[in-house]
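The next block is entry_0.csv, given as CSV, C-alpha atoms and all ligand atoms.
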```csv
chain,number,residue,atom,x,y,z
U,183,MET,CA,159.2,-239.9,62.9
U,184,ARG,CA,158.1,-236.8,61.1
U,185,VAL,CA,159.3,-235.6,57.7
U,186,VAL,CA,158.6,-232.1,56.3
U,187,ALA,CA,159.0,-231.2,52.6
U,188,ILE,CA,159.5,-227.6,51.5
U,189,ASN,CA,158.4,-226.7,48.0
U,190,GLY,CA,160.4,-223.7,46.8
U,191,SER,CA,158.6,-223.6,43.4
U,192,PRO,CA,155.7,-221.3,42.9
U,193,ARG,CA,154.0,-224.2,41.1
U,194,LYS,CA,152.2,-226.6,43.5
U,195,ASP,CA,151.9,-229.6,41.2
U,196,TRP,CA,154.8,-229.5,38.7
U,197,ASN,CA,158.3,-231.0,38.7
U,198,THR,CA,159.6,-230.0,42.1
U,199,ALA,CA,156.4,-230.6,44.0
U,200,THR,CA,155.8,-233.9,42.3
U,201,LEU,CA,159.3,-235.2,43.3
U,202,LEU,CA,158.8,-233.9,46.8
U,203,GLN,CA,155.5,-235.7,47.1
U,204,HIS,CA,157.2,-238.9,46.0
U,205,ALA,CA,159.8,-238.3,48.7
U,206,LEU,CA,157.1,-237.9,51.3
U,207,ASP,CA,155.3,-241.0,50.0
U,208,GLY,CA,158.6,-242.9,50.5
U,209,ALA,CA,158.9,-241.6,54.0
U,210,ALA,CA,155.2,-242.5,54.7
U,211,SER,CA,155.8,-246.0,53.4
U,212,ALA,CA,158.5,-246.3,56.1
U,213,GLY,CA,156.0,-245.2,58.8
U,214,ALA,CA,156.7,-241.4,58.9
U,215,GLU,CA,154.1,-238.7,59.4
U,216,THR,CA,154.6,-236.2,56.6
U,217,ARG,CA,153.8,-232.6,55.6
U,218,MET,CA,154.3,-230.5,52.5
U,219,VAL,CA,154.8,-226.8,52.8
U,220,HIS,CA,154.5,-224.5,49.7
U,221,LEU,CA,156.7,-221.5,50.4
U,222,TYR,CA,154.9,-219.3,47.9
U,223,ASP,CA,151.7,-219.6,50.0
U,224,LEU,CA,153.5,-217.8,52.9
U,225,ALA,CA,154.2,-214.1,53.5
U,226,PHE,CA,157.7,-214.0,54.7
U,227,ALA,CA,161.1,-212.5,53.9
U,228,GLY,CA,164.7,-213.6,54.4
U,229,CYS,CA,166.9,-212.9,57.4
U,230,HIS,CA,166.4,-209.3,58.7
U,231,SER,CA,170.0,-209.2,60.1
U,232,CYS,CA,168.5,-208.4,63.6
U,233,PHE,CA,171.1,-210.7,65.2
U,234,ALA,CA,168.6,-211.7,68.0
U,235,CYS,CA,170.0,-215.3,67.5
U,236,LYS,CA,173.5,-214.1,68.2
U,237,ARG,CA,172.9,-212.1,71.3
U,238,LYS,CA,174.6,-213.2,74.5
U,239,GLY,CA,172.3,-215.4,76.6
U,240,ASN,CA,169.7,-215.6,73.8
U,241,THR,CA,167.1,-218.3,74.1
U,242,CYS,CA,166.3,-218.8,70.4
U,243,GLY,CA,167.3,-222.5,70.5
U,244,GLY,CA,168.0,-222.5,66.7
U,245,LEU,CA,164.7,-220.8,65.9
U,246,CYS,CA,164.6,-217.4,64.0
U,247,ALA,CA,163.1,-214.6,66.1
U,248,ILE,CA,161.1,-213.1,63.3
U,249,LYS,CA,157.3,-213.6,63.7
U,250,ASP,CA,155.7,-214.1,60.4
U,251,ASP,CA,154.2,-216.9,58.3
U,252,LEU,CA,157.4,-218.8,58.2
U,253,ARG,CA,157.8,-219.0,62.0
U,254,PRO,CA,155.3,-221.9,62.6
U,255,VAL,CA,156.9,-223.8,59.7
U,256,LEU,CA,160.4,-223.4,61.2
U,257,GLU,CA,159.0,-224.5,64.6
U,258,ASP,CA,157.5,-227.6,62.9
U,259,ILE,CA,160.8,-228.4,61.1
U,260,ILE,CA,162.8,-228.1,64.3
U,261,ALA,CA,160.3,-230.5,66.0
U,262,SER,CA,160.6,-233.0,63.1
U,263,ASP,CA,163.2,-235.6,62.3
U,264,ALA,CA,163.9,-234.8,58.6
U,265,VAL,CA,163.4,-232.1,56.0
U,266,VAL,CA,163.6,-232.4,52.3
U,267,VAL,CA,163.9,-229.0,50.5
U,268,GLY,CA,163.0,-228.8,46.8
U,269,SER,CA,163.7,-225.9,44.5
U,270,PRO,CA,163.6,-225.2,40.8
U,271,ILE,CA,166.9,-223.7,39.6
U,272,TYR,CA,166.4,-220.0,38.8
U,273,PHE,CA,169.4,-218.3,37.2
U,274,SER,CA,171.8,-220.9,38.4
U,275,ASP,CA,170.6,-220.9,42.0
U,276,VAL,CA,167.7,-221.9,44.1
U,277,SER,CA,164.5,-219.8,43.8
U,278,GLY,CA,164.3,-216.5,45.8
U,279,GLU,CA,161.8,-217.9,48.3
U,280,THR,CA,164.0,-221.0,48.9
U,281,ARG,CA,167.0,-218.8,49.5
U,282,SER,CA,165.0,-216.7,52.0
U,283,PHE,CA,163.8,-219.9,53.7
U,284,LEU,CA,167.4,-221.1,54.0
U,285,GLU,CA,168.6,-217.9,55.6
U,286,ARG,CA,165.9,-218.1,58.3
U,287,LEU,CA,166.4,-221.9,58.9
U,288,LEU,CA,170.1,-221.9,59.0
U,289,PHE,CA,171.5,-218.6,60.4
U,290,PRO,CA,170.1,-219.1,63.9
U,291,ASN,CA,171.9,-222.5,63.9
U,292,ILE,CA,175.4,-221.1,63.3
U,293,SER,CA,177.4,-220.0,66.3
U,294,TYR,CA,179.7,-216.9,66.0
U,295,ASP,CA,181.6,-218.3,69.0
U,296,ASP,CA,182.5,-221.6,67.3
U,297,HIS,CA,181.6,-222.0,63.7
U,298,GLU,CA,181.8,-225.8,64.0
U,299,ALA,CA,179.6,-226.1,67.1
U,300,PRO,CA,176.5,-228.3,66.7
U,301,ALA,CA,173.3,-226.4,66.1
U,302,PRO,CA,171.4,-225.5,69.2
U,303,LEU,CA,168.4,-227.6,68.1
U,304,PRO,CA,166.7,-230.1,70.3
U,305,HIS,CA,168.1,-232.8,68.0
U,306,PRO,CA,169.9,-232.9,64.6
U,307,LEU,CA,167.8,-233.4,61.4
U,308,ARG,CA,168.3,-235.6,58.4
U,309,ALA,CA,168.0,-233.5,55.3
U,310,ALA,CA,167.9,-233.9,51.5
U,311,TRP,CA,167.6,-231.7,48.4
U,312,VAL,CA,165.5,-231.9,45.3
U,313,PHE,CA,166.6,-229.7,42.4
U,314,THR,CA,164.8,-229.4,39.1
U,315,MET,CA,166.0,-227.5,36.1
U,316,ASN,CA,165.3,-227.0,32.4
U,317,CYS,CA,168.9,-227.5,31.1
U,318,PRO,CA,170.2,-230.9,30.2
U,319,GLU,CA,172.8,-232.5,32.5
U,320,GLU,CA,175.8,-232.0,30.1
U,321,PHE,CA,175.1,-228.3,29.9
U,322,GLY,CA,174.6,-228.0,33.7
U,323,ASP,CA,177.8,-229.9,34.3
U,324,ARG,CA,179.7,-227.5,32.1
U,325,ILE,CA,178.4,-224.4,34.0
U,326,GLY,CA,179.1,-225.6,37.5
U,327,TYR,CA,175.7,-226.8,38.7
U,328,VAL,CA,177.0,-229.9,40.4
U,329,ALA,CA,179.4,-227.8,42.5
U,330,MET,CA,176.5,-225.6,43.3
U,331,PHE,CA,174.4,-228.6,44.5
U,332,ARG,CA,177.2,-229.8,46.7
U,333,GLY,CA,177.6,-226.3,48.2
U,334,LEU,CA,173.9,-226.2,49.0
U,335,ALA,CA,173.9,-229.7,50.4
U,336,ASN,CA,176.8,-228.7,52.6
U,337,LEU,CA,174.7,-225.8,53.9
U,338,LEU,CA,172.1,-228.2,55.2
U,339,ARG,CA,174.8,-229.9,57.3
U,340,ILE,CA,174.4,-227.0,59.6
U,341,ILE,CA,171.2,-228.6,61.1
U,342,GLY,CA,172.4,-232.2,60.5
U,343,PRO,CA,174.2,-234.8,62.5
U,344,GLY,CA,177.9,-235.2,62.5
U,345,PRO,CA,180.8,-232.9,61.8
U,346,ARG,CA,180.2,-229.7,59.9
U,347,VAL,CA,183.3,-230.2,57.7
U,348,MET,CA,183.1,-227.9,54.8
U,349,GLY,CA,183.1,-229.7,51.4
U,350,ASN,CA,182.4,-233.1,53.0
U,351,VAL,CA,178.9,-233.7,51.7
U,352,GLU,CA,179.4,-237.4,51.3
U,353,ALA,CA,180.0,-238.0,55.0
U,354,PRO,CA,177.5,-240.6,56.4
U,355,GLY,CA,174.2,-239.0,57.3
U,356,GLY,CA,174.9,-236.0,55.1
U,357,PRO,CA,172.2,-234.4,52.9
U,358,GLU,CA,171.4,-236.4,49.8
U,359,ILE,CA,170.9,-234.7,46.4
U,360,LEU,CA,168.3,-235.6,43.8
U,361,ALA,CA,168.8,-233.5,40.6
U,362,ALA,CA,166.2,-233.7,37.9
U,363,TRP,CA,167.5,-232.2,34.6
U,364,ASP,CA,165.8,-231.3,31.4
U,365,THR,CA,162.4,-230.9,33.0
U,366,TYR,CA,159.1,-230.6,31.1
U,367,GLN,CA,158.1,-227.0,31.6
U,368,PHE,CA,154.7,-226.3,30.0
U,369,SER,CA,151.5,-228.3,29.5
U,370,ASP,CA,151.4,-227.2,25.8
U,371,TYR,CA,154.8,-226.6,24.1
U,372,SER,CA,153.2,-225.4,20.9
U,373,LYS,CA,152.3,-222.1,22.7
U,374,TYR,CA,155.9,-221.3,23.7
U,375,GLU,CA,159.2,-220.3,22.1
U,376,THR,CA,161.4,-223.4,22.8
U,377,ALA,CA,163.6,-223.9,19.8
U,378,TRP,CA,166.7,-224.6,22.0
U,379,LEU,CA,165.0,-227.5,23.8
U,380,PRO,CA,162.3,-228.8,21.6
U,381,GLU,CA,159.2,-230.7,22.8
U,382,GLU,CA,160.2,-234.1,21.4
U,383,GLN,CA,163.4,-234.1,23.5
U,384,LYS,CA,161.4,-232.9,26.6
U,385,ARG,CA,158.6,-235.4,26.1
U,386,LYS,CA,161.1,-238.2,25.8
U,387,HIS,CA,162.7,-237.1,29.1
U,388,ARG,CA,159.3,-236.7,30.8
U,389,GLU,CA,158.1,-240.2,29.7
U,390,GLU,CA,161.3,-242.1,30.2
U,391,LEU,CA,163.4,-240.4,32.9
U,392,PHE,CA,161.0,-238.5,35.1
U,393,PRO,CA,159.2,-241.7,36.3
U,394,GLN,CA,162.7,-243.0,37.3
U,395,GLU,CA,163.4,-239.8,39.1
U,396,CYS,CA,160.1,-240.1,41.0
U,397,ARG,CA,161.1,-243.6,42.1
U,398,GLU,CA,164.5,-242.3,43.2
U,399,ALA,CA,162.7,-239.5,45.2
U,400,PHE,CA,160.5,-242.2,46.8
U,401,GLU,CA,163.5,-244.2,47.9
U,402,MET,CA,165.4,-241.1,49.1
U,403,GLY,CA,162.3,-240.3,51.2
U,404,ALA,CA,162.3,-243.7,52.8
U,405,ARG,CA,166.0,-243.4,53.6
U,406,LEU,CA,165.3,-240.1,55.4
U,407,THR,CA,163.5,-242.1,58.1
U,408,THR,CA,166.4,-244.2,59.1
U,409,PRO,CA,168.1,-243.1,62.3
U,410,VAL,CA,171.3,-241.1,62.2
R,1,LIG,C1,162.7,-217.3,36.5
R,1,LIG,C2,163.2,-218.6,36.0
R,1,LIG,C3,164.6,-218.8,35.9
R,1,LIG,C4,165.1,-220.1,35.5
R,1,LIG,N1,166.4,-220.3,35.4
R,1,LIG,C5,166.9,-221.5,35.1
R,1,LIG,C6,168.3,-221.7,35.0
R,1,LIG,O1,169.1,-220.9,35.4
R,1,LIG,N2,168.7,-223.0,34.7
R,1,LIG,C7,167.9,-224.0,34.3
R,1,LIG,O2,168.3,-225.1,34.0
R,1,LIG,N3,166.5,-223.8,34.4
R,1,LIG,C8,166.0,-222.6,34.7
R,1,LIG,N4,164.7,-222.4,34.8
R,1,LIG,C9,163.7,-223.5,34.5
R,1,LIG,C10,163.3,-224.2,35.8
R,1,LIG,O3,164.3,-224.4,36.7
R,1,LIG,C11,162.6,-225.5,35.5
R,1,LIG,O4,161.6,-225.4,34.6
R,1,LIG,C12,162.1,-226.2,36.8
R,1,LIG,O5,161.9,-227.6,36.6
R,1,LIG,C13,160.8,-225.6,37.2
R,1,LIG,O6,160.3,-226.2,38.4
R,1,LIG,P1,158.7,-226.5,38.6
R,1,LIG,O7,158.3,-227.3,37.4
R,1,LIG,O8,158.7,-227.3,39.9
R,1,LIG,O9,158.1,-225.2,38.7
R,1,LIG,C14,164.1,-221.1,35.1
R,1,LIG,C15,162.8,-220.9,35.2
R,1,LIG,C16,162.3,-219.6,35.6
R,1,LIG,C17,160.8,-219.4,35.7
```

What do you get writing this file as structure tokens?
Amino acid sequence: MRVVAINGSPRKDWNTATLLQHALDGAASAGAETRMVHLYDLAFAGCHSCFACKRKGNTCGGLCAIKDDLRPVLEDIIASDAVVVGSPIYFSDVSGETRSFLERLLFPNISYDDHEAPAPLPHPLRAAWVFTMNCPEEFGDRIGYVAMFRGLANLLRIIGPGPRVMGNVEAPGGPEILAAWDTYQFSDYSKYETAWLPEEQKRKHREELFPQECREAFEMGARLTTPV
């Protein structure tokens, strides 16, 4: 059993990476071998639209044909049993690197012959998402973040087990979502312009809710090791 975490934040030890590490610790506690990949360490781009993975008789087997720093990571994920992808929310979406990663992971696993065909991977993968964002939950709800998370979870079904029914993220074995709202953003709030979300509110969240979110990440990581 092997679980890979993908950190789509440029920061290696802040909110996203911390929650991902707890997810990996949870997976390790259940016996998994784990690995963290920091996307911002890698030189890669999104899909080049070369369509090598759509050619008749191609032998890609669900692996993107582009040879760059992401290729060995994609090979490792495909050989693993589960992947947990973490991203900060940037302008109401995942970070640019996370988006490029998703294109490269997922497009080779979609068939233009049959959109609902299982991915041509050696085996399906369990998957989960970690999202972290500055805004409080009430605000994110109002501007459609929960629907965005569900759409992104649905995308990970492409490499997952079971039917690829659009909009059915709650189906058994489907990707779980851990959303961490109202994150603490700087080590010293006094140096930044933060009148909208003042430090007292942030610190309260950091001290009271973040530890709980870390525990949830740990449990989610452990669940990723259960067979599909
Ligand atoms: C370029 C940029 C864009 C951002 N856009 C949003 C946003 O649209 N909504 C939001 O809630 N937070 C936004 N944030 C805040 C981050 O999502 C938040 O601080 C996140 O927890 C950072 O993750 P990290 O601590 O792992 O780096 C943005 C931050 C940056 C740097």

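Nearest to ligand LIG 1 (chain R) of all the residues U:Arg405, U:Arg339, U:Lys238, U:Arg388 is U:Arg388, counting all atoms listed in the file.
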
Using only C-alpha atoms and all ligand atoms, what does the table of chain U residues within 7 Å of ligand LIG 1 (chain R) look like, with each row giving the shortest atom pair and its distance in Å to one decimal, sorted by chain and ascending number, as a tab-separated table?
```
residue	atom	partner	partner_atom	distance
U:Ser191	CA	R:LIG1	O9	5.0
U:Pro192	CA	R:LIG1	O9	6.2
U:Arg193	CA	R:LIG1	O9	4.9
U:Trp196	CA	R:LIG1	O7	4.3
U:Asn197	CA	R:LIG1	O8	3.9
U:Thr198	CA	R:LIG1	O8	3.6
U:Ala199	CA	R:LIG1	O8	5.7
U:Ser269	CA	R:LIG1	O8	6.9
U:Pro270	CA	R:LIG1	O6	4.2
U:Ile271	CA	R:LIG1	O3	4.0
U:Tyr272	CA	R:LIG1	N1	3.4
U:Phe273	CA	R:LIG1	O1	3.2
U:Ser274	CA	R:LIG1	O1	4.0
U:Asp275	CA	R:LIG1	O1	6.8
U:Thr314	CA	R:LIG1	O5	4.2
U:Met315	CA	R:LIG1	O3	3.6
U:Asn316	CA	R:LIG1	O2	3.9
U:Cys317	CA	R:LIG1	O2	3.8
U:Gly322	CA	R:LIG1	O2	6.9
U:Thr365	CA	R:LIG1	O5	4.9
U:Tyr366	CA	R:LIG1	O4	6.7
U:Gln367	CA	R:LIG1	O4	4.9
```

Among the residues U:Met330, U:Ser293, U:Ser372, U:Ile340, the one that comes closest to Lys236 in chain U [using all atoms listed in the file]: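 Residue with the minimum atom-to-atom distance to Lys236 in chain U: U:Ser293.
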
Nearest-residue call for Pro306 in chain U, choices U:Leu337, U:Ala329, U:Ala264, U:Ala225, using all atoms listed in the file: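 For Pro306 in chain U, the nearest of the given residues is U:Ala264.
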
Point-to-point distance from CA of Ala247 in chain U to CA of Tyr294 in chain U, Å rounded to tenths: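 Spanning CA of Ala247 in chain U to CA of Tyr294 in chain U is a straight-line distance of 16.8 Å.
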
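Shortest separation to Asn291 in chain U among U:Cys232, U:Gly244, U:Glu381, U:Glu319 occurs at residue U:Gly244, atoms counted being all atoms listed in the file.
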
Length of the CA of Ala205 in chain U to CA of Ala362 in chain U vector [Å]: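 These two atoms are separated by 13.4 Å.
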
Selection: 8 Å around Leu406 in chain U, all atoms listed in the file, excl. self and same-chain fewer than 6 positions, as a list in words: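 Counting only the stated atoms, we get Val185, Ala209, Ala264, Arg308, Ala309 and Ala310 of chain U.
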
Using only C-alpha atoms: which of U:Trp363, U:Trp378, U:Phe289, U:Phe283 has the shortest distance to Phe226 in chain U: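 Between U:Trp363, U:Trp378, U:Phe289, U:Phe283, the residue approaching Phe226 in chain U most closely is U:Phe283.
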
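You can rank U:Ile359, U:Leu391, U:Leu303, U:Leu256 by their closest distance to Leu284 in chain U using all atoms listed in the file, and at the top of that list sits U:Leu256.
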
Two-atom distance - CA of Ala187 in chain U, CA of His387 in chain U (Å): 24.5 Å

Distance query range 258-263 of chain U at most 6 Å, only C-alpha atoms, self and fewer than 6 positions along chain excluded, as a PyMOL selection string: chain U and resi 183-184+307

Residues within 12 Å of (171.4, -231.4, 54.0), counting all atoms listed in the file, listed as JSON, numbers by chain: {"U": [264, 265, 266, 267, 268, 284, 287, 288, 306, 307, 308, 309, 310, 311, 312, 331, 332, 333, 334, 335, 336, 337, 338, 339, 340, 341, 342, 343, 344, 346, 350, 351, 352, 353, 354, 355, 356, 357, 358, 359, 360, 406]}

Residues within 10 Å of Tyr371 in chain U, all atoms listed in the file, excluding chain neighbours under 2 positions, as a PyMOL selection string: chain U and resi 366-369+373-376+380-382+384-385

Residue neighbourhood Cys229 in chain U, 12 Å, only C-alpha atoms, exclusion window fewer than 5 positions, as a list in words: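 Skipping anything fewer than 5 positions along the chain leaves Ala234, Cys235, Leu245, Cys246, Ala247, Ile248, Lys249, Asp250, Leu252, Arg253, Glu279, Arg281, Ser282, Phe283, Leu284, Glu285, Arg286, Leu287, Leu288, Phe289 and Pro290 of chain U.
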
Expected residue set, 10 Å radius at (161.2, -242.4, 44.2), all atoms listed in the file, as an MDAnalysis selection string: chainID U and resid 201:208 360 392:404
